[in-house]
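Pasted below: final09.cif, mmCIF, C-alpha atoms.
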data_target
loop_
_atom_site.group_PDB
_atom_site.id
_atom_site.type_symbol
_atom_site.label_atom_id
_atom_site.label_comp_id
_atom_site.auth_asym_id
_atom_site.auth_seq_id
_atom_site.Cartn_x
_atom_site.Cartn_y
_atom_site.Cartn_z
ATOM 1 C CA MET A 308 -118.207 73.929 96.089
ATOM 2 C CA ILE A 309 -118.967 71.258 93.503
ATOM 3 C CA ARG A 310 -120.458 68.165 95.121
ATOM 4 C CA GLU A 311 -120.833 64.646 93.762
ATOM 5 C CA ILE A 312 -124.235 63.968 92.197
ATOM 6 C CA VAL A 313 -125.662 60.664 93.405
ATOM 7 C CA HIS A 314 -127.010 58.323 90.752
ATOM 8 C CA TYR A 315 -130.035 56.092 90.467
ATOM 9 C CA ASP A 316 -130.485 53.538 93.213
ATOM 10 C CA ALA A 317 -128.847 55.682 95.911
ATOM 11 C CA PRO A 318 -131.280 55.439 98.878
ATOM 12 C CA VAL A 319 -131.250 59.232 99.450
ATOM 13 C CA LEU A 320 -133.034 59.702 96.108
ATOM 14 C CA ARG A 321 -136.072 57.963 97.623
ATOM 15 C CA ALA A 322 -135.961 59.981 100.861
ATOM 16 C CA LYS A 323 -138.596 62.615 101.579
ATOM 17 C CA GLY A 324 -136.757 65.800 102.467
ATOM 18 C CA ARG A 325 -137.007 67.366 105.903
ATOM 19 C CA GLU A 326 -138.502 70.840 106.014
ATOM 20 C CA ILE A 327 -136.004 73.632 106.399
ATOM 21 C CA GLY A 328 -136.331 75.904 109.438
ATOM 22 C CA PRO A 329 -134.295 79.078 109.858
ATOM 23 C CA ILE A 330 -131.967 80.052 107.028
ATOM 24 C CA THR A 331 -128.573 79.435 108.606
ATOM 25 C CA PRO A 332 -125.084 79.881 107.126
ATOM 26 C CA ALA A 333 -125.070 76.091 106.565
ATOM 27 C CA ILE A 334 -128.276 76.350 104.482
ATOM 28 C CA GLN A 335 -126.824 79.246 102.479
ATOM 29 C CA SER A 336 -123.675 77.191 101.882
ATOM 30 C CA LEU A 337 -125.782 74.250 100.703
ATOM 31 C CA VAL A 338 -127.605 76.522 98.221
ATOM 32 C CA ASP A 339 -124.233 77.681 96.887
ATOM 33 C CA ASN A 340 -123.101 74.038 96.580
ATOM 34 C CA LEU A 341 -126.294 73.124 94.704
ATOM 35 C CA LEU A 342 -125.857 76.011 92.266
ATOM 36 C CA ASP A 343 -122.153 75.279 91.695
ATOM 37 C CA THR A 344 -122.849 71.566 91.168
ATOM 38 C CA MET A 345 -125.826 72.166 88.847
ATOM 39 C CA ARG A 346 -123.864 74.603 86.696
ATOM 40 C CA HIS A 347 -120.811 72.347 86.565
ATOM 41 C CA ALA A 348 -123.038 69.467 85.390
ATOM 42 C CA ARG A 349 -124.757 71.783 82.877
ATOM 43 C CA GLY A 350 -128.190 71.099 84.301
ATOM 44 C CA VAL A 351 -131.227 73.355 84.700
ATOM 45 C CA GLY A 352 -132.194 72.061 88.134
ATOM 46 C CA LEU A 353 -130.843 70.142 91.102
ATOM 47 C CA ALA A 354 -132.464 68.953 94.328
ATOM 48 C CA ALA A 355 -130.725 68.551 97.679
ATOM 49 C CA GLN A 356 -131.315 64.764 97.534
ATOM 50 C CA GLN A 357 -129.136 64.625 94.419
ATOM 51 C CA ILE A 358 -126.096 65.693 96.444
ATOM 52 C CA GLY A 359 -126.960 63.435 99.360
ATOM 53 C CA GLU A 360 -128.991 65.842 101.543
ATOM 54 C CA ALA A 361 -132.612 64.859 102.261
ATOM 55 C CA LEU A 362 -134.009 68.393 102.599
ATOM 56 C CA GLN A 363 -136.854 70.387 101.047
ATOM 57 C CA MET A 364 -134.561 72.476 98.836
ATOM 58 C CA ALA A 365 -133.815 72.701 95.116
ATOM 59 C CA VAL A 366 -132.324 75.176 92.669
ATOM 60 C CA ILE A 367 -133.319 75.944 89.084
ATOM 61 C CA ASP A 368 -131.778 78.116 86.388
ATOM 62 C CA ILE A 369 -133.232 78.125 82.869
ATOM 63 C CA THR A 370 -131.189 81.152 81.770
ATOM 64 C CA GLY A 371 -130.212 81.009 78.107
ATOM 65 C CA VAL A 372 -132.308 77.954 77.199
ATOM 66 C CA LYS A 373 -134.061 79.221 74.065
ATOM 67 C CA GLU A 374 -134.997 75.943 72.343
ATOM 68 C CA ARG A 375 -137.400 75.079 75.203
ATOM 69 C CA PRO A 376 -139.109 78.321 76.233
ATOM 70 C CA SER A 377 -140.235 79.017 79.796
ATOM 71 C CA LYS A 378 -143.197 81.064 80.997
ATOM 72 C CA MET A 379 -143.721 82.657 84.402
ATOM 73 C CA TRP A 380 -146.520 84.676 85.984
ATOM 74 C CA ILE A 381 -146.589 86.653 89.228
ATOM 75 C CA LYS A 382 -150.031 87.686 90.500
ATOM 76 C CA GLY A 383 -151.426 86.639 87.121
ATOM 77 C CA LYS A 384 -149.149 88.918 85.097
ATOM 78 C CA PRO A 385 -146.534 87.462 82.723
ATOM 79 C CA VAL A 386 -142.917 88.208 83.671
ATOM 80 C CA ASP A 387 -139.515 87.366 82.204
ATOM 81 C CA PRO A 388 -138.462 84.146 83.992
ATOM 82 C CA GLU A 389 -134.767 84.891 83.499
ATOM 83 C CA ALA A 390 -135.138 87.954 85.747
ATOM 84 C CA PHE A 391 -135.794 85.540 88.650
ATOM 85 C CA MET A 392 -132.929 83.107 88.018
ATOM 86 C CA PRO A 393 -131.371 81.337 89.728
ATOM 87 C CA LEU A 394 -134.483 80.223 91.546
ATOM 88 C CA VAL A 395 -134.104 78.700 95.012
ATOM 89 C CA LEU A 396 -137.029 76.578 96.224
ATOM 90 C CA ILE A 397 -137.266 76.070 99.998
ATOM 91 C CA ASN A 398 -140.159 74.010 101.402
ATOM 92 C CA PRO A 399 -142.097 74.485 98.143
ATOM 93 C CA VAL A 400 -145.798 73.712 97.836
ATOM 94 C CA LEU A 401 -147.211 73.093 94.349
ATOM 95 C CA LYS A 402 -150.638 73.174 92.774
ATOM 96 C CA PRO A 403 -150.355 71.678 89.278
ATOM 97 C CA THR A 404 -153.065 71.873 86.625
ATOM 98 C CA LYS A 405 -154.864 68.680 85.692
ATOM 99 C CA THR A 406 -154.005 69.131 82.006
ATOM 100 C CA LYS A 407 -150.808 67.279 81.181
ATOM 101 C CA ILE A 408 -148.352 67.472 78.333
ATOM 102 C CA VAL A 409 -145.665 64.963 77.392
ATOM 103 C CA SER A 410 -142.161 66.254 76.756
ATOM 104 C CA HIS A 411 -138.559 65.078 76.747
ATOM 105 C CA GLU A 412 -136.888 65.067 80.159
ATOM 106 C CA GLY A 413 -133.556 64.050 81.624
ATOM 107 C CA CYS A 414 -132.100 63.938 85.131
ATOM 108 C CA LEU A 415 -128.566 64.484 86.388
ATOM 109 C CA SER A 416 -128.983 61.388 88.596
ATOM 110 C CA PHE A 417 -129.686 59.302 85.462
ATOM 111 C CA PRO A 418 -126.746 60.150 83.158
ATOM 112 C CA ALA A 419 -127.534 59.967 79.433
ATOM 113 C CA LEU A 420 -131.137 58.813 79.976
ATOM 114 C CA THR A 421 -133.853 60.973 78.435
ATOM 115 C CA LEU A 422 -137.501 60.007 78.424
ATOM 116 C CA ASP A 423 -140.875 61.381 77.363
ATOM 117 C CA ILE A 424 -142.614 62.234 80.646
ATOM 118 C CA PRO A 425 -146.160 63.529 81.225
ATOM 119 C CA ARG A 426 -146.263 66.588 83.487
ATOM 120 C CA ALA A 427 -148.824 69.247 84.372
ATOM 121 C CA GLN A 428 -149.031 71.961 81.727
ATOM 122 C CA ARG A 429 -148.795 74.709 84.367
ATOM 123 C CA VAL A 430 -148.015 74.815 88.082
ATOM 124 C CA ALA A 431 -148.649 77.325 90.869
ATOM 125 C CA VAL A 432 -145.770 77.527 93.364
ATOM 126 C CA LYS A 433 -145.419 78.841 96.921
ATOM 127 C CA THR A 434 -141.878 78.746 98.227
ATOM 128 C CA ARG A 435 -139.773 80.294 100.950
ATOM 129 C CA THR A 436 -136.891 82.491 99.900
ATOM 130 C CA LEU A 437 -133.385 82.758 101.317
ATOM 131 C CA ASP A 438 -134.328 86.010 103.042
ATOM 132 C CA GLY A 439 -137.156 84.194 104.852
ATOM 133 C CA GLY A 440 -139.973 85.627 102.746
ATOM 134 C CA LEU A 441 -142.631 83.893 100.659
ATOM 135 C CA PHE A 442 -142.492 83.868 96.850
ATOM 136 C CA GLU A 443 -145.534 82.855 94.819
ATOM 137 C CA PHE A 444 -145.557 82.368 91.055
ATOM 138 C CA GLU A 445 -146.902 80.205 88.262
ATOM 139 C CA ALA A 446 -144.728 78.461 85.704
ATOM 140 C CA ALA A 447 -145.082 76.638 82.391
ATOM 141 C CA GLY A 448 -142.811 75.385 79.645
ATOM 142 C CA LEU A 449 -139.328 74.293 80.673
ATOM 143 C CA LEU A 450 -139.503 76.215 83.958
ATOM 144 C CA GLY A 451 -142.768 74.514 84.950
ATOM 145 C CA ARG A 452 -141.358 71.102 84.046
ATOM 146 C CA ALA A 453 -138.145 71.794 86.005
ATOM 147 C CA VAL A 454 -140.124 72.880 89.085
ATOM 148 C CA LEU A 455 -142.273 69.733 88.962
ATOM 149 C CA HIS A 456 -139.223 67.499 88.396
ATOM 150 C CA GLU A 457 -137.173 69.000 91.248
ATOM 151 C CA VAL A 458 -140.054 69.067 93.733
ATOM 152 C CA ASP A 459 -140.695 65.392 92.930
ATOM 153 C CA HIS A 460 -137.102 64.765 94.107
ATOM 154 C CA LEU A 461 -137.877 66.524 97.395
ATOM 155 C CA HIS A 462 -140.546 63.897 98.047
ATOM 156 C CA GLY A 463 -138.464 60.883 96.984
ATOM 157 C CA ARG A 464 -140.154 60.605 93.603
ATOM 158 C CA LEU A 465 -138.139 60.142 90.399
ATOM 159 C CA PHE A 466 -139.028 60.940 86.804
ATOM 160 C CA ILE A 467 -139.104 57.228 85.971
ATOM 161 C CA ASP A 468 -142.040 56.908 88.401
ATOM 162 C CA HIS A 469 -144.200 58.678 85.790
ATOM 163 C CA LEU A 470 -143.686 55.831 83.305
ATOM 164 C CA THR A 471 -146.073 52.959 82.723
ATOM 165 C CA ALA A 472 -145.004 49.454 83.754
ATOM 166 C CA GLU A 473 -144.325 48.651 80.089
ATOM 167 C CA GLU A 474 -142.190 51.786 79.662
ATOM 168 C CA ARG A 475 -140.232 50.882 82.813
ATOM 169 C CA ARG A 476 -139.574 47.386 81.459
ATOM 170 C CA ALA A 477 -138.252 48.920 78.217
ATOM 171 C CA ILE A 478 -135.554 50.848 80.120
ATOM 172 C CA ARG A 479 -134.647 48.148 82.654
ATOM 173 C CA GLU A 480 -131.265 47.513 81.012
ATOM 174 C CA ASP A 481 -130.498 51.258 80.989
ATOM 175 C CA LEU A 482 -131.302 51.505 84.705
ATOM 176 C CA GLU A 483 -129.042 48.543 85.474
ATOM 177 C CA CYS A 484 -126.201 50.253 83.577
ATOM 178 C CA ILE A 485 -126.705 53.458 85.597
ATOM 179 C CA LYS A 486 -126.689 51.473 88.865
ATOM 180 C CA ARG A 487 -123.377 49.877 87.865
ATOM 181 C CA GLY A 488 -121.908 53.208 86.743
ATOM 182 C CA GLU A 489 -121.652 52.043 83.134
ATOM 183 C CA PRO A 490 -122.633 53.961 79.992
ATOM 184 C CA ILE A 491 -126.054 53.259 78.539
ATOM 185 C CA PRO A 492 -125.836 51.248 75.285
ATOM 186 C CA GLU A 493 -126.925 52.989 72.088
ATOM 187 C CA ARG A 494 -130.683 52.569 71.551
ATOM 188 C CA SER A 495 -130.282 51.745 67.866
ATOM 189 C CA SER A 496 -128.294 48.628 68.777
ATOM 190 C CA LYS A 497 -130.813 47.387 71.327
ATOM 191 C CA ASN A 498 -133.472 44.819 70.677
ATOM 192 C CA GLU A 499 -136.787 46.616 71.209
ATOM 193 C CA SER A 500 -138.786 43.457 72.023
#

Let's see the structure in the file written out as structure tokens.
Amino acid sequence: MIREIVHYDAPVLRAKGREIGPITPAIQSLVDNLLDTMRHARGVGLAAQQIGEALQMAVIDITGVKERPSKMWIKGKPVDPEAFMPLVLINPVLKPTKTKIVSHEGCLSFPALTLDIPRAQRVAVKTRTLDGGLFEFEAAGLLGRAVLHEVDHLHGRLFIDHLTAEERRAIREDLECIKRGEPIPERSSKNES
């Protein structure tokens, strides 16, 4: 079922998700809702908070995204990330590298806003699976960025939190438009001062 995606300033986006216990039919249904909603919105990732559920769960699917390659390793060996999509993260634990890279990033809870965000170049992930097992992998490229972005959501952190105070001031008007449910004005027509 396609759910409504909550937008910036909804309190649930700042909520730390509760850990998920047993995988119940309700949890499986929520995963299906997340996947349906993410695909309908044409996103590559969606966290439970973004559909109003403060839980430690997110979904990712980078299938077919060629212009921003993804890399994945299991037990140190490179694998095809698309073979593991869609990816369901349940109670994930991350260990990011200290080396960061800046790249363009958007968020379904911030319609039409894209920003250059610094993120770890590579991230090690431990996550539960829907069958109750443990899945460990490393990710880089778009997949690594999507994992870091979605897991931030699970802890009430938003991509705008990675901006400097000056960068936040520069997008203040855009954020106000999102809060009001209005389109963001064209950047070329804005005064940059």

Checklist entry - Hey, what comes out of the PyMOL selection byres ((chain A and resi 345) around 12) on this file? Could you write it as an MDAnalysis selection string? => result chainID A and resid 308:312 338:344 346:355 357:358 365:369 393 414:416

Can I get the selection written as a CSV table (one decimal), keeping the file's coordinate frame, with C-alpha atoms?
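Wrote part-v8.csv, looks like this:
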chain,number,residue,atom,x,y,z
A,308,MET,CA,-118.2,73.9,96.1
A,309,ILE,CA,-119.0,71.3,93.5
A,310,ARG,CA,-120.5,68.2,95.1
A,311,GLU,CA,-120.8,64.6,93.8
A,312,ILE,CA,-124.2,64.0,92.2
A,338,VAL,CA,-127.6,76.5,98.2
A,339,ASP,CA,-124.2,77.7,96.9
A,340,ASN,CA,-123.1,74.0,96.6
A,341,LEU,CA,-126.3,73.1,94.7
A,342,LEU,CA,-125.9,76.0,92.3
A,343,ASP,CA,-122.2,75.3,91.7
A,344,THR,CA,-122.8,71.6,91.2
A,346,ARG,CA,-123.9,74.6,86.7
A,347,HIS,CA,-120.8,72.3,86.6
A,348,ALA,CA,-123.0,69.5,85.4
A,349,ARG,CA,-124.8,71.8,82.9
A,350,GLY,CA,-128.2,71.1,84.3
A,351,VAL,CA,-131.2,73.4,84.7
A,352,GLY,CA,-132.2,72.1,88.1
A,353,LEU,CA,-130.8,70.1,91.1
A,354,ALA,CA,-132.5,69.0,94.3
A,355,ALA,CA,-130.7,68.6,97.7
A,357,GLN,CA,-129.1,64.6,94.4
A,358,ILE,CA,-126.1,65.7,96.4
A,365,ALA,CA,-133.8,72.7,95.1
A,366,VAL,CA,-132.3,75.2,92.7
A,367,ILE,CA,-133.3,75.9,89.1
A,368,ASP,CA,-131.8,78.1,86.4
A,369,ILE,CA,-133.2,78.1,82.9
A,393,PRO,CA,-131.4,81.3,89.7
A,414,CYS,CA,-132.1,63.9,85.1
A,415,LEU,CA,-128.6,64.5,86.4
A,416,SER,CA,-129.0,61.4,88.6

Checklist entry - For Lys373 in chain A, which residue among A:His411, A:Lys433, A:Gln356, A:Leu449 is the nearest when counting all atoms listed in the file? => result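 Ranked by minimum distance to Lys373 in chain A, first place goes to A:Leu449.
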
Item to check | Computed interatomic separation between CA of Glu389 in chain A and CA of Ser336 in chain A (Å) | outcome: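 Distance between the two atoms: 22.8 Å.
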
Item to check | Chain and number of each residue from the PyMOL selection byres ((chain A and resi 478-484) around 12), as a PyMOL selection string | outcome: chain A and resi 314-316+416-422+467+470-477+485-494+497-500

Checklist entry - Distance CA of Thr436 in chain A-CA of Met392 in chain A, one decimal place? => result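 Atom-to-atom, CA of Thr436 in chain A to CA of Met392 in chain A, that is 12.5 Å.
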